[in-house]
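Here is the structure we will look at, set down as structure tokens.
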Amino acid sequence: QVYLAESGGGLVQAGASLTLSCEDSGRAFSSYNIAWFRQAPGKERDFVTACNWNGGTTYDADSVKGRFTISRDNAKNTVYLKMNSLKPEDTAVYYCAAVHMNLFRTRSYSDHEQYNYWGQGTQVTVSS
């Protein structure tokens, strides 16, 4: 089991960079695939990016390709989301989520329903 907590959100101007962190306080972090989702007010929760247990395989939404990068440090039980060239439309609450690597369905990497552990979210606001 994992216990996820996001941090690093804030208010930035368009074009700026921001790095979010997702830390697990459990003991099985390296057995889990991790994803980032985001949800803007009045909108559905959207997939952003995901990585496998060691970060060697990543999956990105088209909207963030070339701007956002997911990485992880299993020694620190932490996954990072490096966000560059932020746009006002990136404004949302960002959530990290986890699913055990043995239960991960590759074809459904962007489906929030397959991730069964979630953090509380961190707000990212990008001003124009």
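Each chain in the structure tokens gets a letter, A, B, ..., in the order shown, and its residues are numbered from 1; ligands are numbered from 1 in order too.
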Please identify all polymer residues within 7 Å of Leu86 in chain A, counting only C-alpha atoms, omitting same-chain residues fewer than 4 positions from it, and present them as an NGL selection string. :A and (14-17 or 90 or 126)
Could you please take those selected residues and save C-alpha atoms as a short mmCIF file (atom, residue, chain, number, x, y, z; two decimals), in the first residue's frame?
```
data_model
loop_
_atom_site.label_atom_id
_atom_site.label_comp_id
_atom_site.auth_asym_id
_atom_site.auth_seq_id
_atom_site.Cartn_x
_atom_site.Cartn_y
_atom_site.Cartn_z
CA ALA A 14 2.71 32.02 -17.95
CA GLY A 15 5.99 30.71 -19.31
CA ALA A 16 7.37 29.85 -15.90
CA SER A 17 8.42 26.44 -14.61
CA ASP A 90 -2.54 24.28 -17.10
CA VAL A 126 -0.87 30.01 -14.01
#
```
In chain A, DSSP helix (DSSP H, G or I) residues written as a list in words: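 For chain A, the helix (DSSP H, G or I) set is Phe29, Ser30, Ser31, Asp62, Ser63, Val64, Asn74, Ala75, Lys76, Pro88, Glu89, Asp90, Thr106, Arg107, Ser108, His112, Glu113 and Gln114 of chain A.
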Selected residues written out, C-alpha atoms, as a tab-separated table (two decimals), in the first residue's frame:
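The result, written out as again-v3.tsv:
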```tsv
chain	number	residue	atom	x	y	z
A	29	PHE	CA	6.69	2.56	-3.44
A	30	SER	CA	8.97	0.89	-5.98
A	31	SER	CA	6.27	-1.69	-6.74
A	62	ASP	CA	-0.57	15.20	-25.97
A	63	SER	CA	-1.30	18.50	-24.24
A	64	VAL	CA	1.89	18.32	-22.16
A	74	ASN	CA	12.65	5.28	-5.48
A	75	ALA	CA	15.32	5.81	-2.84
A	76	LYS	CA	13.35	8.88	-1.76
A	88	PRO	CA	-3.02	29.48	-18.12
A	89	GLU	CA	-4.85	26.35	-19.30
A	90	ASP	CA	-2.54	24.28	-17.10
A	106	THR	CA	-0.88	-0.57	-20.28
A	107	ARG	CA	-3.69	0.09	-22.73
A	108	SER	CA	-5.55	2.01	-20.02
A	112	HIS	CA	-8.12	7.21	-13.71
A	113	GLU	CA	-10.26	4.23	-12.68
A	114	GLN	CA	-7.30	1.87	-12.68
```
I'd like the contact shell of Asn54 in chain A - 12 Å cut-off, only C-alpha atoms, skipping same-chain residues fewer than 4 positions apart - returned as a PyMOL selection string. chain A and resi 29-34+50+58+70-75+77-79+101
Non-local contacts of Gly8 in chain A (10 Å; only C-alpha atoms; under 4 positions in same chain excluded) as a list in words: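 Once the nearby chain positions are removed, what remains is Leu18, Thr19, Leu20, Ser21, Cys22, Tyr80, Leu81, Thr122, Gln123 and Val124 of chain A.
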Exercise: Asp24 in chain A partners within 6 Å, only C-alpha atoms, chain neighbours under 6 positions left out, as JSON, numbers by chain: {"A": [2, 3, 4, 77]}
Hey, can you spit out that residue selection with N, CA and C atoms as a CSV table (one decimal), in the first residue's frame?
```csv
chain,number,residue,atom,x,y,z
A,2,VAL,N,0.4,2.3,-0.6
A,2,VAL,CA,1.1,3.6,-0.7
A,2,VAL,C,0.2,4.7,-0.1
A,3,TYR,N,0.9,5.7,0.5
A,3,TYR,CA,0.3,6.8,1.0
A,3,TYR,C,0.9,8.1,0.4
A,4,LEU,N,0.1,8.7,-0.5
A,4,LEU,CA,0.7,9.7,-1.4
A,4,LEU,C,0.4,11.1,-0.9
A,77,ASN,N,11.4,7.6,-2.3
A,77,ASN,CA,9.9,7.4,-2.4
A,77,ASN,C,9.2,8.5,-3.0
```
